[in-house]
>>> print(open('my_file-v7.cif').read())   # mmCIF, C-alpha atoms
data_data
#
loop_
_atom_site.label_atom_id
_atom_site.label_comp_id
_atom_site.auth_asym_id
_atom_site.auth_seq_id
_atom_site.Cartn_x
_atom_site.Cartn_y
_atom_site.Cartn_z
CA MET J 130 105.40 70.42 95.31
CA ALA J 131 107.76 70.80 92.37
CA ARG J 132 109.82 73.73 91.13
CA TYR J 133 109.21 75.39 87.81
CA ILE J 134 110.79 78.19 85.84
CA ALA J 135 108.65 80.57 83.82
CA HIS J 136 110.18 82.66 81.03
CA VAL J 137 107.88 85.63 80.50
CA ASN J 138 108.15 87.97 77.51
CA VAL J 139 106.39 91.33 77.72
CA MET J 140 106.20 93.33 74.49
CA LEU J 141 104.60 96.66 73.62
CA ARG J 142 101.49 96.00 71.56
CA PRO J 143 102.04 96.31 67.81
CA LEU J 144 100.25 99.65 67.52
CA VAL J 145 102.19 101.28 70.38
CA ASN J 146 105.16 103.26 69.07
CA ASP J 147 108.42 101.75 70.39
CA PRO J 148 111.11 104.46 70.38
CA GLN J 149 113.65 102.10 71.96
CA GLY J 150 113.21 99.63 69.11
CA LEU J 151 113.49 102.44 66.55
CA VAL J 152 116.77 103.63 68.05
CA VAL J 153 118.20 100.10 68.13
CA ALA J 154 117.13 99.63 64.49
CA GLY J 155 118.92 102.86 63.57
CA GLY J 156 122.02 101.72 65.44
CA LEU J 157 122.10 98.38 63.67
CA GLN J 158 121.64 100.00 60.29
CA SER J 159 124.46 102.47 60.93
CA LEU J 160 126.68 99.51 61.85
CA GLY J 161 126.13 98.22 58.35
CA PHE J 162 123.29 95.79 59.00
CA THR J 163 121.26 97.25 56.18
CA CYS J 164 119.19 94.06 56.15
CA VAL J 165 117.42 95.22 59.36
CA GLU J 166 113.81 96.09 58.58
CA SER J 167 112.50 96.80 62.08
CA VAL J 168 113.23 96.17 65.75
CA ARG J 169 110.85 95.86 68.69
CA ALA J 170 112.29 95.88 72.22
CA GLY J 171 110.58 94.28 75.19
CA LYS J 172 111.22 92.73 78.59
CA ARG J 173 112.08 89.20 79.59
CA ILE J 174 111.26 88.15 83.17
CA ASP J 175 112.28 84.76 84.62
CA ILE J 176 110.31 83.53 87.60
CA THR J 177 111.12 80.46 89.69
CA ILE J 178 108.07 79.11 91.50
CA GLU J 179 106.87 76.16 93.51
CA ALA J 180 103.62 74.60 92.36
CA ALA J 181 101.70 71.35 92.59
CA SER J 182 101.77 70.77 88.83
CA GLU J 183 102.76 72.42 85.58
CA ALA J 184 99.13 73.38 85.04
CA ALA J 185 99.01 75.09 88.45
CA ALA J 186 102.27 76.90 87.68
CA THR J 187 100.87 78.06 84.33
CA THR J 188 97.70 79.37 85.95
CA ALA J 189 99.70 81.29 88.57
CA VAL J 190 102.05 82.85 86.02
CA ARG J 191 99.16 83.91 83.80
CA GLU J 192 97.58 85.68 86.77
CA MET J 193 100.89 87.38 87.60
CA CYS J 194 101.10 88.67 84.02
CA GLN J 195 97.53 89.95 84.05
CA LYS J 196 97.78 91.62 87.47
CA LEU J 197 101.26 93.09 87.43
CA LEU J 198 103.87 92.07 84.88
CA ALA J 199 102.09 93.50 81.82
CA ASN J 200 99.84 96.53 81.41
CA PRO J 201 97.08 95.35 79.03
CA VAL J 202 96.57 98.92 77.78
CA ILE J 203 99.97 98.95 76.09
CA GLU J 204 101.54 95.50 76.41
CA ASP J 205 101.04 91.87 75.39
CA PHE J 206 102.65 88.95 77.20
CA GLU J 207 103.56 85.35 76.45
CA PHE J 208 105.37 82.78 78.57
CA GLU J 209 106.68 79.24 78.80
CA VAL J 210 106.79 77.11 81.93
CA ALA J 211 109.35 74.32 82.37
CA ALA J 212 110.03 71.94 85.24
CA LEU J 213 113.24 72.45 87.23
CA ALA J 214 115.25 69.59 88.72
CA THR J 215 114.57 69.55 92.47
CA ALA J 216 117.55 70.77 94.46
CA MET F 185 89.92 123.06 102.77
CA ARG F 186 92.48 120.40 103.63
CA ALA F 187 94.65 118.16 101.49
CA ALA F 188 96.16 114.69 101.92
CA VAL F 189 99.51 114.55 100.13
CA LEU F 190 100.43 110.90 99.56
CA VAL F 191 104.01 109.75 100.05
CA PHE F 192 105.32 106.55 98.47
CA PRO F 193 108.91 105.35 98.77
CA GLY F 194 110.60 107.45 96.08
CA THR F 195 108.08 110.32 95.99
CA TRP F 196 110.02 113.56 95.59
CA SER F 197 107.51 116.36 95.07
CA ASP F 198 105.53 116.06 98.31
CA ASN F 199 107.18 119.06 99.98
CA ASP F 200 106.62 121.20 96.88
CA CYS F 201 102.93 120.25 96.91
CA VAL F 202 102.50 120.99 100.63
CA TRP F 203 104.19 124.35 100.19
CA ALA F 204 102.25 125.30 97.03
CA LEU F 205 98.92 124.42 98.67
CA SER F 206 99.82 126.44 101.76
CA GLN F 207 100.24 129.52 99.55
CA VAL F 208 96.53 129.48 98.75
CA GLY F 209 95.48 128.57 102.28
CA ILE F 210 95.05 124.81 101.87
CA GLU F 211 96.47 122.99 104.88
CA SER F 212 98.03 119.59 104.11
CA ARG F 213 98.97 116.46 105.92
CA LYS F 214 101.30 113.88 104.48
CA VAL F 215 99.93 110.36 104.23
CA TRP F 216 102.39 107.44 104.07
CA HIS F 217 101.55 104.77 101.50
CA ARG F 218 100.91 102.15 104.19
CA GLU F 219 98.15 104.23 105.81
CA THR F 220 94.55 103.83 104.72
CA HIS F 221 92.56 106.75 106.13
CA LEU F 222 91.38 109.64 103.98
CA GLU F 223 88.82 112.26 105.01
CA PRO F 224 85.91 112.53 102.53
CA ASP F 225 86.36 116.28 102.05
CA GLU F 226 90.14 116.16 101.57
CA LEU F 227 91.82 116.97 98.27
CA VAL F 228 93.98 113.89 97.66
CA VAL F 229 97.30 114.69 95.96
CA LEU F 230 99.55 112.05 94.37
CA PRO F 231 102.80 113.98 93.85
CA GLY F 232 105.63 113.37 91.42
CA GLY F 233 108.64 111.17 91.97
CA PHE F 234 109.86 107.67 91.25
CA SER F 235 107.65 105.53 93.45
CA TYR F 236 109.26 102.15 94.16
CA GLY F 237 112.12 103.13 91.86
CA ASP F 238 109.75 103.06 88.86
CA TYR F 239 110.73 99.41 88.41
CA LEU F 240 108.77 97.26 85.96
CA ARG F 241 106.63 100.20 84.79
CA THR F 242 106.14 103.67 86.25
CA GLY F 243 103.46 103.49 88.93
CA ALA F 244 102.99 99.73 88.53
CA ILE F 245 103.98 98.78 92.08
CA ALA F 246 102.64 101.88 93.83
CA ARG F 247 99.21 100.99 92.53
CA PHE F 248 99.09 98.07 95.00
CA ALA F 249 100.05 100.17 98.06
CA PRO F 250 97.47 99.98 100.90
CA ILE F 251 96.50 103.68 100.50
CA MET F 252 95.44 103.12 96.87
CA GLU F 253 92.34 101.18 97.85
CA SER F 254 91.27 104.22 99.88
CA VAL F 255 92.04 106.49 96.91
CA GLN F 256 89.77 104.30 94.78
CA CYS F 257 86.94 104.62 97.33
CA HIS F 258 87.55 108.36 97.68
CA ALA F 259 87.26 108.81 93.91
CA GLU F 260 84.17 106.62 93.67
CA ALA F 261 82.52 108.70 96.40
CA GLY F 262 83.16 111.86 94.39
CA GLY F 263 86.17 113.08 96.39
CA LEU F 264 88.79 115.17 94.62
CA VAL F 265 92.00 113.46 93.48
CA ILE F 266 94.88 115.01 91.54
CA GLY F 267 97.85 112.99 90.29
CA ILE F 268 100.87 114.92 89.08
CA CYS F 269 103.62 113.32 86.97
CA ASN F 270 104.33 109.99 88.74
CA GLY F 271 100.92 110.45 90.39
CA PHE F 272 99.30 110.53 86.93
CA GLN F 273 101.18 107.33 86.02
CA ILE F 274 99.91 105.66 89.21
CA LEU F 275 96.29 106.72 88.50
CA CYS F 276 96.51 105.18 85.02
CA GLU F 277 98.03 101.94 86.35
CA ALA F 278 95.20 101.84 88.93
CA HIS F 279 92.64 102.28 86.10
CA LEU F 280 91.25 105.41 87.72
CA LEU F 281 92.15 107.09 84.42
CA PRO F 282 92.28 105.49 80.94
CA GLY F 283 95.41 105.07 78.82
CA ALA F 284 99.05 104.88 79.84
CA LEU F 285 102.24 106.93 80.03
CA VAL F 286 105.20 105.48 78.13
CA ARG F 287 108.78 106.44 77.28
CA ASN F 288 109.19 109.89 75.74
CA GLU F 289 109.43 109.75 71.97
CA SER F 290 112.89 111.34 72.17
CA LEU F 291 114.00 108.67 74.68
CA GLN F 292 115.33 111.61 76.72
CA PHE F 293 114.35 112.81 80.16
CA ARG F 294 112.80 116.22 79.60
CA CYS F 295 113.12 118.92 82.25
CA THR F 296 111.76 122.14 80.80
CA ASP F 297 108.95 124.68 80.93
CA THR F 298 105.85 123.93 78.88
CA TYR F 299 102.70 125.88 78.12
CA CYS F 300 99.53 123.95 78.82
CA VAL F 301 96.32 125.04 77.14
CA PRO F 302 93.17 124.22 79.13
CA VAL F 303 90.59 122.28 77.13
CA ASN F 304 87.98 121.41 79.76
CA THR F 305 87.09 124.51 81.75
CA THR F 306 84.24 123.14 83.85
CA SER F 307 85.86 120.53 86.13
CA PRO F 308 86.64 121.33 89.78
CA PHE F 309 90.31 121.68 88.78
CA THR F 310 89.93 123.75 85.63
CA ARG F 311 86.84 125.91 86.00
CA GLY F 312 87.67 129.54 85.45
CA LEU F 313 90.81 128.78 83.48
CA ASP F 314 91.31 130.69 80.25
CA ALA F 315 91.25 128.30 77.26
CA SER F 316 92.69 130.96 74.96
CA ARG F 317 96.15 130.93 76.50
CA GLY F 318 98.86 128.56 77.73
CA TYR F 319 99.67 128.18 81.41
CA LEU F 320 103.34 127.84 82.20
CA PHE F 321 103.93 124.55 84.02
CA PRO F 322 107.33 122.83 84.16
CA ILE F 323 107.70 119.18 83.19
CA SER F 324 110.35 116.77 84.42
CA HIS F 325 109.90 113.22 83.22
CA GLY F 326 111.31 110.43 81.07
CA GLU F 327 108.04 108.59 80.62
CA GLY F 328 105.29 111.06 79.96
CA ARG F 329 104.08 110.25 76.49
CA TYR F 330 100.34 109.75 76.82
CA VAL F 331 99.00 106.83 74.75
CA ALA F 332 95.54 105.32 74.41
CA ASP F 333 93.71 103.51 71.63
CA GLU F 334 91.64 105.41 69.07
CA PRO F 335 88.22 104.81 70.68
CA THR F 336 89.55 106.00 74.05
CA LEU F 337 91.04 109.16 72.55
CA ARG F 338 87.79 109.90 70.74
CA MET F 339 85.78 109.28 73.92
CA LEU F 340 88.05 111.64 75.91
CA GLU F 341 87.57 114.38 73.32
CA ASP F 342 83.84 113.82 72.82
CA THR F 343 83.12 113.92 76.55
CA ASP F 344 85.35 116.94 77.32
CA ARG F 345 87.77 114.93 79.44
CA VAL F 346 90.99 116.37 78.04
CA ALA F 347 92.10 118.80 80.75
CA PHE F 348 95.24 120.23 79.12
CA ARG F 349 97.13 120.02 75.85
CA TYR F 350 100.75 121.09 75.32
CA GLY F 351 100.75 124.33 73.33
CA THR F 352 102.11 127.85 73.12
CA ALA F 353 101.83 130.88 75.40
CA ASP F 354 99.09 132.29 73.16
CA GLY F 355 97.04 129.10 73.31
CA ARG F 356 97.90 127.36 70.05
CA VAL F 357 98.31 123.58 70.14
CA THR F 358 101.23 122.77 67.83
CA ALA F 359 103.40 119.73 67.10
CA GLU F 360 106.52 121.71 68.10
CA ALA F 361 105.05 122.38 71.55
CA ASN F 362 104.67 118.66 72.26
CA PRO F 363 107.63 117.78 74.54
CA ASN F 364 107.26 114.00 74.68
CA GLY F 365 105.20 112.78 71.72
CA SER F 366 101.93 112.51 73.65
CA MET F 367 98.99 111.55 71.44
CA LYS F 368 96.92 114.62 70.53
CA ASN F 369 99.34 116.74 72.64
CA ILE F 370 97.55 115.49 75.76
CA ALA F 371 99.13 116.76 78.99
CA GLY F 372 96.29 115.94 81.39
CA ILE F 373 92.97 114.11 81.49
CA LEU F 374 89.92 113.79 83.74
CA ASN F 375 87.84 110.81 84.82
CA GLU F 376 84.20 110.53 83.80
CA ARG F 377 82.84 112.52 86.76
CA GLY F 378 85.58 115.12 86.54
CA ASN F 379 86.71 114.63 90.14
CA VAL F 380 89.99 112.91 89.24
CA LEU F 381 92.67 114.79 87.28
CA GLY F 382 95.97 113.35 86.08
CA MET F 383 98.62 115.57 84.49
CA MET F 384 102.31 115.20 83.66
CA PRO F 385 103.27 118.90 84.16
CA HIS F 386 103.93 120.22 87.66
CA PRO F 387 101.58 123.08 88.64
CA GLU F 388 103.03 122.98 92.17
CA ARG F 389 106.35 124.15 90.73
CA SER F 390 104.87 127.31 89.26
CA CYS F 391 103.19 128.82 92.30
CA GLU F 392 105.61 131.52 93.37
CA PRO F 393 105.66 134.99 91.80
CA LEU F 394 109.17 135.50 93.24
CA LEU F 395 110.37 132.70 90.98
CA GLY F 396 108.76 134.36 87.99
CA ASN F 397 105.52 132.48 87.58
CA ASP F 398 102.44 131.51 89.56
CA ASP F 399 100.25 129.99 86.84
CA GLY F 400 99.93 126.80 88.88
CA ASN F 401 97.83 128.58 91.50
CA ALA F 402 94.99 128.78 88.97
CA ILE F 403 94.37 125.07 89.55
CA TRP F 404 94.31 125.34 93.36
CA ARG F 405 92.04 128.42 93.17
CA SER F 406 89.71 126.49 90.91
CA VAL F 407 89.59 123.65 93.44
CA LEU F 408 88.84 126.12 96.24
CA ALA F 409 86.10 127.78 94.16
CA SER F 410 84.57 124.36 93.48
CA VAL F 411 84.03 123.85 97.20
CA GLY F 412 82.80 127.39 97.69
CA VAL F 413 85.92 129.01 99.16
CA ARG F 414 86.61 132.48 97.84
CA THR F 415 90.24 133.43 97.25
#
>>> encode(input="my_file-v7.cif", output="structure tokens")
Amino acid sequence: MARYIAHVNVMLRPLVNDPQGLVVAGGLQSLGFTCVESVRAGKRIDITIEAASEAAATTAVREMCQKLLANPVIEDFEFEVAALATA
Amino acid sequence: MRAAVLVFPGTWSDNDCVWALSQVGIESRKVWHRETHLEPDELVVLPGGFSYGDYLRTGAIARFAPIMESVQCHAEAGGLVIGICNGFQILCEAHLLPGALVRNESLQFRCTDTYCVPVNTTSPFTRGLDASRGYLFPISHGEGRYVADEPTLRMLEDTDRVAFRYGTADGRVTAEANPNGSMKNIAGILNERGNVLGMMPHPERSCEPLLGNDDGNAIWRSVLASVGVRT
């Protein structure tokens, strides 16, 4: 078994209004960053797992996203899996 | 009639529910989230609170509690289920109701009285309610903005599954009366069979004339009438 780290990003789907992003955008603009067009805020979740292979780790993380980490009604997810040096 | 009031770690409105139900003669037992037994003729109540600290998403972890499988079976068998506030969020996460509850548009926790105008007046929870006026139910939530995609919203309206909309005392549904930015002012919805109701406002907190308002009792009386108990 090897160790892997998964970096999971969960974002509200494009059509779901994101008040947090709107407030951050307003804050940036009032700081003088008038170049800011829009902001979307989401969640980043890092998961360390043991798996037989990178493919097995990817399959497990995808299932975690579908079952718990993201709500498909309002959120999309994406993730990357990378090998970790064994301790 | 008897009720099963579910208790998750972080539930805070269970005592209010037990007390409110007792006022109309419904005897309750509390059911811990690790239990699995529900009686077929029990009214199942998922009260408000912050189950499992509301981490990740409201209701996301509670949905996997052992009792939720029994709630699913209870609902499928036609048993009555009401989810209030956090309970509504759990029912959506468990896909017993469509859509989701997200952060209030204002980004603020809102603790205030609202008027809820009944839309469906035929379900076990809402029969006999007066659709021409608002019922005073308090809200207390940070994540109560109801969202769903267009086809789902249309389906809810076309099949009379909107239970309540935020409105005024005289029954008008207005943008100003919407406390959290919910789509179409939706405050509560029903499942397809009408035996599962989810709502963000707290009827159990408006059941005492001494405190100035007992509009919430209309829901419990409706439930009693639906099983043939006269109040």
>>> resolve_selection(input="my_file-v7.cif", expression="the PyMOL selection byres ((chain F) within 7 of (chain J))", output="PyMOL selection string")
chain F and resi 244+283-284+289+291
>>> atom_distance(input="my_file-v7.cif", atom1="CA of Thr177 (chain J)", atom2="CA of Ala278 (chain F)")
26.7 Å
>>> resolve_selection(input="my_file-v7.cif", expression="the PyMOL selection byres ((chain F and resi 397-404) around 6)", output="PyMOL selection string")
chain F and resi 309+319-320+387-388+390-393+395-396+405-407
>>> write_last_selection(input="my_file-v7.cif", atoms="C-alpha atoms", output="CSV table (one decimal), keeping the file's coordinate frame")
chain,number,residue,atom,x,y,z
F,309,PHE,CA,90.3,121.7,88.8
F,319,TYR,CA,99.7,128.2,81.4
F,320,LEU,CA,103.3,127.8,82.2
F,387,PRO,CA,101.6,123.1,88.6
F,388,GLU,CA,103.0,123.0,92.2
F,390,SER,CA,104.9,127.3,89.3
F,391,CYS,CA,103.2,128.8,92.3
F,392,GLU,CA,105.6,131.5,93.4
F,393,PRO,CA,105.7,135.0,91.8
F,395,LEU,CA,110.4,132.7,91.0
F,396,GLY,CA,108.8,134.4,88.0
F,405,ARG,CA,92.0,128.4,93.2
F,406,SER,CA,89.7,126.5,90.9
F,407,VAL,CA,89.6,123.6,93.4
>>> residues_around(input="my_file-v7.cif", residues="Leu213 (chain J)", least_positions_apart="4", cutoff="8 Å", atoms="all atoms listed in the file", output="number ranges by chain")
J: 131-134
>>> resolve_selection(input="my_file-v7.cif", expression="the PyMOL selection byres ((chain F and resi 327-341) around 10)", output="VMD selection string")
(chain J and resid 144 to 146 202 to 203) or (chain F and resid 241 to 242 269 to 270 272 to 273 282 to 294 303 to 304 323 to 326 342 to 347 362 to 376 383 to 385)
>>> atom_distance(input="my_file-v7.cif", atom1="CA of Arg317 (chain F)", atom2="CA of Val228 (chain F)")
27.3 Å
>>> atom_distance(input="my_file-v7.cif", atom1="CA of Arg389 (chain F)", atom2="CA of Phe234 (chain F)")
16.9 Å
>>> residues_near_point(input="my_file-v7.cif", point="(106.9, 88.9, 85.0)", cutoff="12 Å", atoms="only C-alpha atoms", output="VMD selection string")
(chain J and resid 134 to 140 171 to 178 189 to 200 205 to 209) or (chain F and resid 239 to 241)
>>> write_last_selection(input="my_file-v7.cif", atoms="C-alpha atoms", output="mmCIF file, keeping the file's coordinate frame")
data_model
loop_
_atom_site.group_PDB
_atom_site.id
_atom_site.type_symbol
_atom_site.label_atom_id
_atom_site.label_comp_id
_atom_site.auth_asym_id
_atom_site.auth_seq_id
_atom_site.Cartn_x
_atom_site.Cartn_y
_atom_site.Cartn_z
ATOM 1 C CA ILE J 134 110.790 78.190 85.840
ATOM 2 C CA ALA J 135 108.650 80.570 83.820
ATOM 3 C CA HIS J 136 110.180 82.660 81.030
ATOM 4 C CA VAL J 137 107.880 85.630 80.500
ATOM 5 C CA ASN J 138 108.150 87.970 77.510
ATOM 6 C CA VAL J 139 106.390 91.330 77.720
ATOM 7 C CA MET J 140 106.200 93.330 74.490
ATOM 8 C CA GLY J 171 110.580 94.280 75.190
ATOM 9 C CA LYS J 172 111.220 92.730 78.590
ATOM 10 C CA ARG J 173 112.080 89.200 79.590
ATOM 11 C CA ILE J 174 111.260 88.150 83.170
ATOM 12 C CA ASP J 175 112.280 84.760 84.620
ATOM 13 C CA ILE J 176 110.310 83.530 87.600
ATOM 14 C CA THR J 177 111.120 80.460 89.690
ATOM 15 C CA ILE J 178 108.070 79.110 91.500
ATOM 16 C CA ALA J 189 99.700 81.290 88.570
ATOM 17 C CA VAL J 190 102.050 82.850 86.020
ATOM 18 C CA ARG J 191 99.160 83.910 83.800
ATOM 19 C CA GLU J 192 97.580 85.680 86.770
ATOM 20 C CA MET J 193 100.890 87.380 87.600
ATOM 21 C CA CYS J 194 101.100 88.670 84.020
ATOM 22 C CA GLN J 195 97.530 89.950 84.050
ATOM 23 C CA LYS J 196 97.780 91.620 87.470
ATOM 24 C CA LEU J 197 101.260 93.090 87.430
ATOM 25 C CA LEU J 198 103.870 92.070 84.880
ATOM 26 C CA ALA J 199 102.090 93.500 81.820
ATOM 27 C CA ASN J 200 99.840 96.530 81.410
ATOM 28 C CA ASP J 205 101.040 91.870 75.390
ATOM 29 C CA PHE J 206 102.650 88.950 77.200
ATOM 30 C CA GLU J 207 103.560 85.350 76.450
ATOM 31 C CA PHE J 208 105.370 82.780 78.570
ATOM 32 C CA GLU J 209 106.680 79.240 78.800
ATOM 33 C CA TYR F 239 110.730 99.410 88.410
ATOM 34 C CA LEU F 240 108.770 97.260 85.960
ATOM 35 C CA ARG F 241 106.630 100.200 84.790
#
